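Q: Compact mmCIF, C-alpha atoms and all ligand atoms, saved as model_28.txt, coming up:
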# COMPACT_ATOMS: atom_id res chain seq x y z
CA MET G 1 13.62 19.04 16.98
CA SER G 2 10.60 20.82 18.24
CA SER G 3 11.75 24.30 19.17
CA LEU G 4 12.83 26.00 15.95
CA ALA G 5 10.56 28.97 16.66
CA SER G 6 11.66 29.71 20.18
CA THR G 7 15.39 29.78 19.43
CA THR G 8 15.06 32.37 16.76
CA ASP G 9 12.50 34.53 18.50
CA THR G 10 15.13 36.02 20.78
CA ASN G 11 17.55 36.55 17.90
CA HIS G 12 15.14 38.39 15.72
CA PRO G 13 16.54 41.68 14.47
CA SER G 14 13.44 43.05 12.82
CA SER G 15 10.17 44.35 14.18
CA SER G 16 8.53 43.56 10.84
CA HIS G 17 8.94 39.83 11.44
CA PRO G 18 5.74 37.91 10.61
CA PRO G 19 3.98 36.45 13.66
CA LEU G 20 5.30 33.09 14.80
CA PRO G 21 3.29 30.28 13.24
CA SER G 22 0.63 28.69 15.42
CA SER G 23 2.35 25.34 15.01
CA ASN G 24 6.04 24.61 14.70
CA SER G 25 5.20 22.20 11.88
CA ALA G 26 4.70 25.24 9.60
CA TYR G 27 8.48 25.38 9.20
CA SER G 28 8.32 22.22 7.12
CA ARG G 29 5.74 23.67 4.69
CA LEU G 30 6.52 25.46 1.44
CA ASP G 31 3.38 27.62 1.66
CA TYR G 32 4.54 28.97 5.04
CA TRP G 33 7.94 29.99 3.62
CA ASN G 34 6.46 31.46 0.43
CA GLU G 35 4.11 33.67 2.42
CA ARG G 36 6.77 34.67 4.91
CA PHE G 37 9.32 35.65 2.26
CA THR G 38 6.72 37.78 0.48
CA SER G 39 6.82 40.29 3.34
CA GLU G 40 10.08 39.59 5.21
CA LYS G 41 13.14 40.83 3.33
CA GLN G 42 16.01 39.51 5.49
CA PHE G 43 16.36 37.29 8.50
CA GLU G 44 19.37 35.46 9.85
CA TRP G 45 18.73 32.16 11.61
CA LEU G 46 21.04 31.07 14.42
CA LEU G 47 24.29 32.88 13.51
CA ASN G 48 25.63 35.27 10.90
CA TYR G 49 28.71 35.17 8.68
CA SER G 50 30.92 37.09 11.09
CA ASP G 51 30.08 34.51 13.80
CA LEU G 52 30.89 31.68 11.41
CA LYS G 53 33.70 33.00 9.25
CA SER G 54 36.57 31.56 11.29
CA TYR G 55 34.76 28.21 11.72
CA ILE G 56 34.25 27.90 7.97
CA SER G 57 37.82 28.88 7.24
CA HIS G 58 39.35 26.56 9.89
CA ALA G 59 37.27 23.58 8.79
CA CYS G 60 38.32 24.09 5.17
CA THR G 61 41.97 24.61 6.14
CA ARG G 62 41.95 21.41 8.23
CA ALA G 63 40.72 19.60 5.13
CA GLY G 64 43.44 21.24 3.00
CA LEU G 65 40.78 23.08 1.05
CA ASN G 66 40.92 26.82 1.62
CA LYS G 67 43.02 27.77 -1.37
CA THR G 68 41.17 25.41 -3.68
CA ILE G 69 37.53 26.37 -3.07
CA THR G 70 36.15 27.41 -6.44
CA SER G 71 32.48 26.50 -6.05
CA VAL G 72 30.08 26.82 -3.12
CA LEU G 73 26.45 25.73 -2.72
CA LEU G 74 24.22 26.99 0.11
CA VAL G 75 21.10 24.86 0.56
CA GLY G 76 17.90 26.21 2.10
CA CYS G 77 19.47 29.66 1.87
CA GLY G 78 16.34 31.59 2.89
CA ASN G 79 16.72 35.38 3.06
CA SER G 80 19.94 35.19 5.06
CA THR G 81 22.89 37.30 3.94
CA LEU G 82 25.34 34.42 4.49
CA SER G 83 25.91 33.82 0.77
CA PRO G 84 26.21 37.50 -0.26
CA ASP G 85 28.58 38.00 2.67
CA MET G 86 30.72 35.02 1.64
CA TYR G 87 30.80 36.26 -1.94
CA SER G 88 31.83 39.74 -0.77
CA ASP G 89 34.55 38.10 1.29
CA GLY G 90 36.07 36.45 -1.80
CA TYR G 91 34.34 33.07 -2.24
CA GLN G 92 33.73 32.46 -5.94
CA ASN G 93 30.97 30.68 -7.86
CA VAL G 94 28.52 30.90 -4.98
CA ILE G 95 25.09 29.37 -5.65
CA SER G 96 22.26 29.78 -3.14
CA LEU G 97 19.32 27.40 -3.39
CA ASP G 98 15.88 27.47 -1.84
CA TYR G 99 12.56 25.86 -2.74
CA SER G 100 10.58 29.05 -2.09
CA THR G 101 9.84 31.09 -5.22
CA SER G 102 9.22 34.27 -3.22
CA CYS G 103 12.57 33.80 -1.44
CA ILE G 104 14.54 33.45 -4.67
CA GLU G 105 12.71 36.36 -6.34
CA SER G 106 13.28 38.62 -3.34
CA MET G 107 16.95 37.74 -2.99
CA LYS G 108 17.60 38.25 -6.71
CA LEU G 109 16.27 41.79 -6.33
CA GLN G 110 18.23 42.53 -3.16
CA PHE G 111 21.51 40.90 -4.25
CA PRO G 112 21.66 40.82 -8.05
CA GLU G 113 23.28 37.87 -9.75
CA THR G 114 26.71 38.03 -11.37
CA ASP G 115 28.65 35.44 -13.38
CA ASN G 116 29.93 34.06 -10.07
CA PHE G 117 26.92 34.53 -7.81
CA LYS G 118 23.53 32.92 -8.46
CA TRP G 119 20.17 32.26 -6.80
CA VAL G 120 18.50 28.99 -7.81
CA LEU G 121 15.02 27.63 -7.14
CA GLY G 122 15.31 23.98 -6.14
CA ASP G 123 14.74 21.21 -3.65
CA MET G 124 17.70 20.34 -1.41
CA THR G 125 16.50 16.72 -1.23
CA ASN G 126 16.66 16.42 -5.04
CA LEU G 127 19.43 18.56 -6.50
CA VAL G 128 18.56 17.84 -10.12
CA ASP G 129 20.17 20.99 -11.52
CA PHE G 130 23.65 20.00 -10.37
CA LYS G 131 26.20 17.50 -11.57
CA ALA G 132 27.98 14.92 -9.45
CA ALA G 133 31.10 16.34 -7.79
CA GLN G 134 30.26 19.89 -8.91
CA PHE G 135 31.03 21.64 -5.59
CA ASP G 136 33.99 22.02 -3.25
CA LEU G 137 31.87 23.28 -0.38
CA VAL G 138 28.18 22.81 0.52
CA ILE G 139 26.71 24.72 3.46
CA ASP G 140 23.47 24.18 5.36
CA LYS G 141 22.55 26.70 8.04
CA ALA G 142 19.28 25.75 9.75
CA ALA G 143 17.97 24.07 6.60
CA MET G 144 17.86 20.45 7.78
CA ASP G 145 16.39 21.94 10.96
CA ALA G 146 13.30 22.93 8.96
CA ILE G 147 12.75 19.27 8.05
CA MET G 148 13.18 18.24 11.69
CA VAL G 149 10.12 20.06 13.02
CA GLU G 150 8.11 16.92 12.16
CA GLU G 151 10.64 14.64 13.82
CA GLY G 152 8.42 13.79 16.82
CA ASP G 153 10.15 11.66 19.45
CA VAL G 154 13.89 12.33 19.09
CA TRP G 155 14.62 8.82 20.39
CA ASN G 156 12.34 7.26 17.79
CA PRO G 157 12.00 9.78 14.95
CA ASP G 158 9.32 9.87 12.31
CA THR G 159 10.31 7.67 9.36
CA ASN G 160 9.40 10.33 6.74
CA VAL G 161 11.78 12.74 8.44
CA ILE G 162 14.54 10.11 8.43
CA ASP G 163 13.92 9.53 4.71
CA MET G 164 14.01 13.24 3.85
CA ALA G 165 17.19 13.84 5.83
CA ARG G 166 18.78 10.84 4.11
CA LYS G 167 17.77 12.11 0.65
CA MET G 168 19.22 15.50 1.52
CA CYS G 169 22.55 14.00 2.67
CA ARG G 170 22.76 11.71 -0.35
CA GLU G 171 22.17 14.57 -2.73
CA ILE G 172 24.67 16.83 -0.98
CA SER G 173 27.25 14.05 -1.00
CA ARG G 174 26.57 13.39 -4.70
CA VAL G 175 27.16 17.02 -5.74
CA LEU G 176 30.23 17.35 -3.47
CA ARG G 177 33.57 16.29 -4.90
CA VAL G 178 35.74 13.80 -3.04
CA GLY G 179 37.97 15.96 -0.83
CA GLY G 180 35.20 18.57 -0.54
CA MET G 181 33.49 19.72 2.62
CA HIS G 182 29.89 19.84 3.79
CA LEU G 183 29.27 22.21 6.70
CA GLN G 184 26.12 22.38 8.75
CA VAL G 185 25.11 24.87 11.45
CA SER G 186 22.30 23.89 13.79
CA PHE G 187 21.24 23.99 17.39
CA ALA G 188 20.53 20.26 17.22
CA GLN G 189 22.60 18.33 19.75
CA PRO G 190 25.32 16.10 18.24
CA HIS G 191 23.91 13.04 19.98
CA PHE G 192 20.79 13.30 17.84
CA ARG G 193 22.01 15.12 14.70
CA ARG G 194 25.05 12.91 14.05
CA LYS G 195 22.79 9.94 13.39
CA TYR G 196 21.18 11.77 10.47
CA LEU G 197 24.49 13.00 9.11
CA GLU G 198 26.20 9.60 9.32
CA GLY G 199 23.28 7.46 8.22
CA GLY G 200 22.95 5.88 11.65
CA HIS G 201 19.15 5.66 11.45
CA GLY G 202 19.36 2.29 9.74
CA GLY G 203 21.70 3.58 7.05
CA GLU G 204 22.55 1.31 4.16
CA GLY G 205 26.22 2.22 4.29
CA GLY G 206 26.93 0.08 7.32
CA VAL G 207 29.61 0.82 9.87
CA ASP G 208 33.21 1.62 9.04
CA SER G 209 36.27 0.08 10.72
CA SER G 210 35.96 2.38 13.74
CA GLY G 211 32.38 1.30 14.32
CA VAL G 212 30.89 4.53 12.97
CA TYR G 213 28.12 4.70 10.40
CA ASN G 214 29.40 6.36 7.25
CA GLU G 215 26.69 6.12 4.64
CA PHE G 216 27.54 9.36 2.86
CA GLY G 217 31.29 8.91 2.49
CA TRP G 218 32.34 11.74 4.76
CA ASP G 219 34.17 11.99 8.08
CA LEU G 220 32.14 13.97 10.57
CA THR G 221 33.33 16.22 13.39
CA ASP G 222 31.23 18.50 15.53
CA GLU G 223 31.99 21.43 17.80
CA PRO G 224 29.90 23.94 19.71
CA VAL G 225 30.20 27.51 18.47
CA ALA G 226 32.11 29.17 21.29
CA GLY G 227 30.53 31.93 23.33
CA ASP G 228 27.22 32.00 21.56
CA ASN G 229 25.10 30.82 24.49
CA LYS G 230 24.27 34.47 25.08
CA ASP G 231 20.99 34.50 26.97
CA GLY G 232 21.46 31.15 28.65
CA CYS G 233 19.62 29.93 25.59
CA PHE G 234 20.83 27.33 23.08
CA HIS G 235 24.32 26.52 22.00
CA HIS G 236 24.78 26.18 18.29
CA PHE G 237 26.77 23.37 16.75
CA PHE G 238 29.08 23.40 13.77
CA TYR G 239 29.22 20.09 11.88
CA SER G 240 32.08 19.50 9.41
CA MET G 241 31.80 16.63 6.94
CA HIS G 242 34.91 16.01 4.88
CA LYS G 243 34.04 13.78 1.94
CA LYS G 244 36.55 10.94 1.62
CA ARG G 245 34.86 8.74 -0.95
CA ASP G 246 31.57 8.42 -2.81
CA GLY G 247 28.60 7.28 -0.74
CA LYS G 248 27.43 3.70 -0.71
CA TRP G 249 24.25 3.59 -2.78
C1 LIG E 1 15.12 27.90 9.10
S1 LIG E 1 15.24 28.60 7.47
C2 LIG E 1 16.99 28.89 7.31
C3 LIG E 1 17.29 29.94 6.27
C4 LIG E 1 18.77 30.36 6.15
N1 LIG E 1 19.61 29.24 5.79
C5 LIG E 1 19.30 31.01 7.40
O1 LIG E 1 20.19 30.44 8.04
O2 LIG E 1 18.87 32.10 7.76
C6 LIG E 1 15.00 27.13 6.47
C7 LIG E 1 15.04 27.40 4.98
O3 LIG E 1 15.03 26.15 4.30
C8 LIG E 1 14.21 26.25 3.15
N2 LIG E 1 13.81 24.88 2.81
C9 LIG E 1 13.07 24.02 3.55
N3 LIG E 1 12.92 22.85 2.90
C10 LIG E 1 13.60 22.97 1.73
C11 LIG E 1 13.84 22.09 0.64
N4 LIG E 1 13.34 20.83 0.63
N5 LIG E 1 14.60 22.52 -0.38
C12 LIG E 1 15.10 23.78 -0.38
N6 LIG E 1 14.90 24.67 0.62
C13 LIG E 1 14.16 24.26 1.67
C14 LIG E 1 13.08 27.18 3.57
O4 LIG E 1 12.42 27.76 2.48
C15 LIG E 1 13.86 28.19 4.42
O5 LIG E 1 14.36 29.23 3.62
Give the structure from the file, written as structure tokens.
Ligand SMILES: C[S@@+](CC[C@H](N)C(=O)[O-])C[C@H]1O[C@@H](n2cnc3c(N)ncnc32)[C@H](O)[C@@H]1O
A:
Amino acid sequence: MSSLASTTDTNHPSSSHPPLPSSNSAYSRLDYWNERFTSEKQFEWLLNYSDLKSYISHACTRAGLNKTITSVLLVGCGNSTLSPDMYSDGYQNVISLDYSTSCIESMKLQFPETDNFKWVLGDMTNLVDFKAAQFDLVIDKAAMDAIMVEEGDVWNPDTNVIDMARKMCREISRVLRVGGMHLQVSFAQPHFRRKYLEGGHGGEGGVDSSGVYNEFGWDLTDEPVAGDNKDGCFHHFFYSMHKKRDGKW
């Protein structure tokens, strides 16, 4: 995925936005994010909570989850207000994780922690602070996208990118309980993104009875977010992964 910068440029709500990086590969670097979050207080990538609220709720209802969500993890949370907005809307035990120290410090100041709302410094490819099956719901909005800027040829992606995306999915699956839901929002086309989310890039989980790769133990559906192709620009996609069993590793 090579166009992370251009999609967000048109969405940008703030004139104090730092200049776009000279290379898209900056989005995969911690030093870029640390510097950016030092000056930029809030920025919403792709879509905001009001755009996504009904998608999140419908996906969880379809999985029989809505009334039983008691713990939520947002990975690569950045300085988006998605997690504070979800908490304000009634979600409980919401943890937002990012690997940028300046991000977590800034968000703690803007949206103070409570017993049920936390900001955590951590790596979404190695979720060491969390137990297996700790969460009912794990959300990624534009976080795997940051890894993908080094993907190269989408038909023959870089092997380091495949490895990082696999580590991320394994870790998310590990901390998600069976019956729980992983949701991802991205502008990546399903044809390409599904392979990462199912383990189809040479996954070790093999194919299930319907011929689909299912390395991470979840059933995957995707849908475009309706009506968001505002400027003839990109559609965004909503990926729902309902965990049915533990992954195969
Ligand atoms: C494109 S931004 C999306 C931010 C936010 N989720 C949103 O939708 O506005 C990508 C975010 O992922 C974070 N990130 C990238 N790699 C990460 C990693 N390995 N672990 C945790 N966070 C990471 C970056 O610091 C950045 O905040």
Q: For a quick check of understanding, using all atoms listed in the file, which of G:Glu35, G:Ser28, G:Val175, G:Phe187 has the smallest distance to Val161 (chain G)?
A: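 Looking only at the distances to Val161 (chain G), the closest residue turns out to be G:Ser28.
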Q: Grab the atom C11 of ligand LIG 1 (chain E) to CA of Cys169 (chain G) distance for me, in Å with one decimal place.
A: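 Separation between atom C11 of ligand LIG 1 (chain E) and CA of Cys169 (chain G): 12.1 Å.
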Q: Hey, which residues come within 9 Å of ligand LIG 1 (chain E) if we count all atoms listed in the file? Could you give them as a PDB file with C-alpha atoms, in the coordinates of the input?
A:
ATOM      1  CA  LEU G   4      12.830  26.000  15.950  1.00  0.00           C
ATOM      2  CA  ALA G   5      10.560  28.970  16.660  1.00  0.00           C
ATOM      3  CA  THR G   8      15.060  32.370  16.760  1.00  0.00           C
ATOM      4  CA  TYR G  27       8.480  25.380   9.200  1.00  0.00           C
ATOM      5  CA  SER G  28       8.320  22.220   7.120  1.00  0.00           C
ATOM      6  CA  ARG G  29       5.740  23.670   4.690  1.00  0.00           C
ATOM      7  CA  LEU G  30       6.520  25.460   1.440  1.00  0.00           C
ATOM      8  CA  TYR G  32       4.540  28.970   5.040  1.00  0.00           C
ATOM      9  CA  TRP G  33       7.940  29.990   3.620  1.00  0.00           C
ATOM     10  CA  ASN G  34       6.460  31.460   0.430  1.00  0.00           C
ATOM     11  CA  PHE G  37       9.320  35.650   2.260  1.00  0.00           C
ATOM     12  CA  GLN G  42      16.010  39.510   5.490  1.00  0.00           C
ATOM     13  CA  PHE G  43      16.360  37.290   8.500  1.00  0.00           C
ATOM     14  CA  GLU G  44      19.370  35.460   9.850  1.00  0.00           C
ATOM     15  CA  TRP G  45      18.730  32.160  11.610  1.00  0.00           C
ATOM     16  CA  LEU G  46      21.040  31.070  14.420  1.00  0.00           C
ATOM     17  CA  LEU G  47      24.290  32.880  13.510  1.00  0.00           C
ATOM     18  CA  ASN G  48      25.630  35.270  10.900  1.00  0.00           C
ATOM     19  CA  LEU G  74      24.220  26.990   0.110  1.00  0.00           C
ATOM     20  CA  VAL G  75      21.100  24.860   0.560  1.00  0.00           C
ATOM     21  CA  GLY G  76      17.900  26.210   2.100  1.00  0.00           C
ATOM     22  CA  CYS G  77      19.470  29.660   1.870  1.00  0.00           C
ATOM     23  CA  GLY G  78      16.340  31.590   2.890  1.00  0.00           C
ATOM     24  CA  ASN G  79      16.720  35.380   3.060  1.00  0.00           C
ATOM     25  CA  SER G  80      19.940  35.190   5.060  1.00  0.00           C
ATOM     26  CA  THR G  81      22.890  37.300   3.940  1.00  0.00           C
ATOM     27  CA  LEU G  82      25.340  34.420   4.490  1.00  0.00           C
ATOM     28  CA  LEU G  97      19.320  27.400  -3.390  1.00  0.00           C
ATOM     29  CA  ASP G  98      15.880  27.470  -1.840  1.00  0.00           C
ATOM     30  CA  TYR G  99      12.560  25.860  -2.740  1.00  0.00           C
ATOM     31  CA  SER G 100      10.580  29.050  -2.090  1.00  0.00           C
ATOM     32  CA  THR G 101       9.840  31.090  -5.220  1.00  0.00           C
ATOM     33  CA  CYS G 103      12.570  33.800  -1.440  1.00  0.00           C
ATOM     34  CA  LEU G 121      15.020  27.630  -7.140  1.00  0.00           C
ATOM     35  CA  GLY G 122      15.310  23.980  -6.140  1.00  0.00           C
ATOM     36  CA  ASP G 123      14.740  21.210  -3.650  1.00  0.00           C
ATOM     37  CA  MET G 124      17.700  20.340  -1.410  1.00  0.00           C
ATOM     38  CA  THR G 125      16.500  16.720  -1.230  1.00  0.00           C
ATOM     39  CA  ASN G 126      16.660  16.420  -5.040  1.00  0.00           C
ATOM     40  CA  LEU G 127      19.430  18.560  -6.500  1.00  0.00           C
ATOM     41  CA  ILE G 139      26.710  24.720   3.460  1.00  0.00           C
ATOM     42  CA  ASP G 140      23.470  24.180   5.360  1.00  0.00           C
ATOM     43  CA  LYS G 141      22.550  26.700   8.040  1.00  0.00           C
ATOM     44  CA  ALA G 142      19.280  25.750   9.750  1.00  0.00           C
ATOM     45  CA  ALA G 143      17.970  24.070   6.600  1.00  0.00           C
ATOM     46  CA  MET G 144      17.860  20.450   7.780  1.00  0.00           C
ATOM     47  CA  ASP G 145      16.390  21.940  10.960  1.00  0.00           C
ATOM     48  CA  ALA G 146      13.300  22.930   8.960  1.00  0.00           C
ATOM     49  CA  ILE G 147      12.750  19.270   8.050  1.00  0.00           C
ATOM     50  CA  MET G 164      14.010  13.240   3.850  1.00  0.00           C
ATOM     51  CA  MET G 168      19.220  15.500   1.520  1.00  0.00           C
ATOM     52  CA  VAL G 185      25.110  24.870  11.450  1.00  0.00           C
ATOM     53  CA  SER G 186      22.300  23.890  13.790  1.00  0.00           C
TER      54      SER G 186
END
Q: Neighbours of Asn93 (chain G) within 10 Å (only C-alpha atoms; same-chain residues fewer than 4 positions away dropped), as a list in words?
A: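 Result of the neighbour search: Ile69, Thr70, Ser71, Val72, Leu73, Tyr87, Thr114, Asp115, Asn116, Phe117, Lys118 and Phe135 of chain G.
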Q: Between CA of Leu20 (chain G) and CA of Ser50 (chain G), what is the distance, to one decimal in Å?
A: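 Between CA of Leu20 (chain G) and CA of Ser50 (chain G) the gap is 26.2 Å.
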Q: Could you check how far CA of Asp219 (chain G) sits from CA of His191 (chain G), in Å to one decimal?
A: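 According to the coordinates, CA of Asp219 (chain G) and CA of His191 (chain G) are separated by 15.7 Å.
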Q: Compare G:Asp246, G:Asp89, G:Asp136, G:Glu113 by their minimum atom-to-atom distance to Cys60 (chain G), counting only C-alpha atoms, and give me the closest one.
A: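 Among the listed residues, G:Asp136 lies closest to Cys60 (chain G).
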Q: Measuring between all atoms listed in the file, which one of G:Met181, G:Ala59, G:Asp85, G:Val128 shows the shortest distance to Glu223 (chain G)?
A: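 Of all the options, G:Ala59 lies closest to Glu223 (chain G).
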Q: Taking all atoms listed in the file into account, which of G:Leu52, G:Val138, G:Ile172, G:Ala165 comes nearest Ile95 (chain G)?
A: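 Result for the nearest residue to Ile95 (chain G): G:Val138.
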Q: Go through G:Leu220, G:Val94, G:Ala132, G:Met86 and flag the residue nearest Arg193 (chain G), using all atoms listed in the file for the distances.
A: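 Going through G:Leu220, G:Val94, G:Ala132, G:Met86 one by one, the smallest distance to Arg193 (chain G) is for G:Leu220.
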Q: Quick one: residues within 12 Å of Gly152 (chain G), all atoms listed in the file counted, chain neighbours fewer than 2 positions away excluded, as JSON, numbers by chain?
A: {"G": [1, 2, 3, 24, 25, 147, 148, 149, 150, 154, 155, 156, 157, 158, 159, 160, 161, 162]}
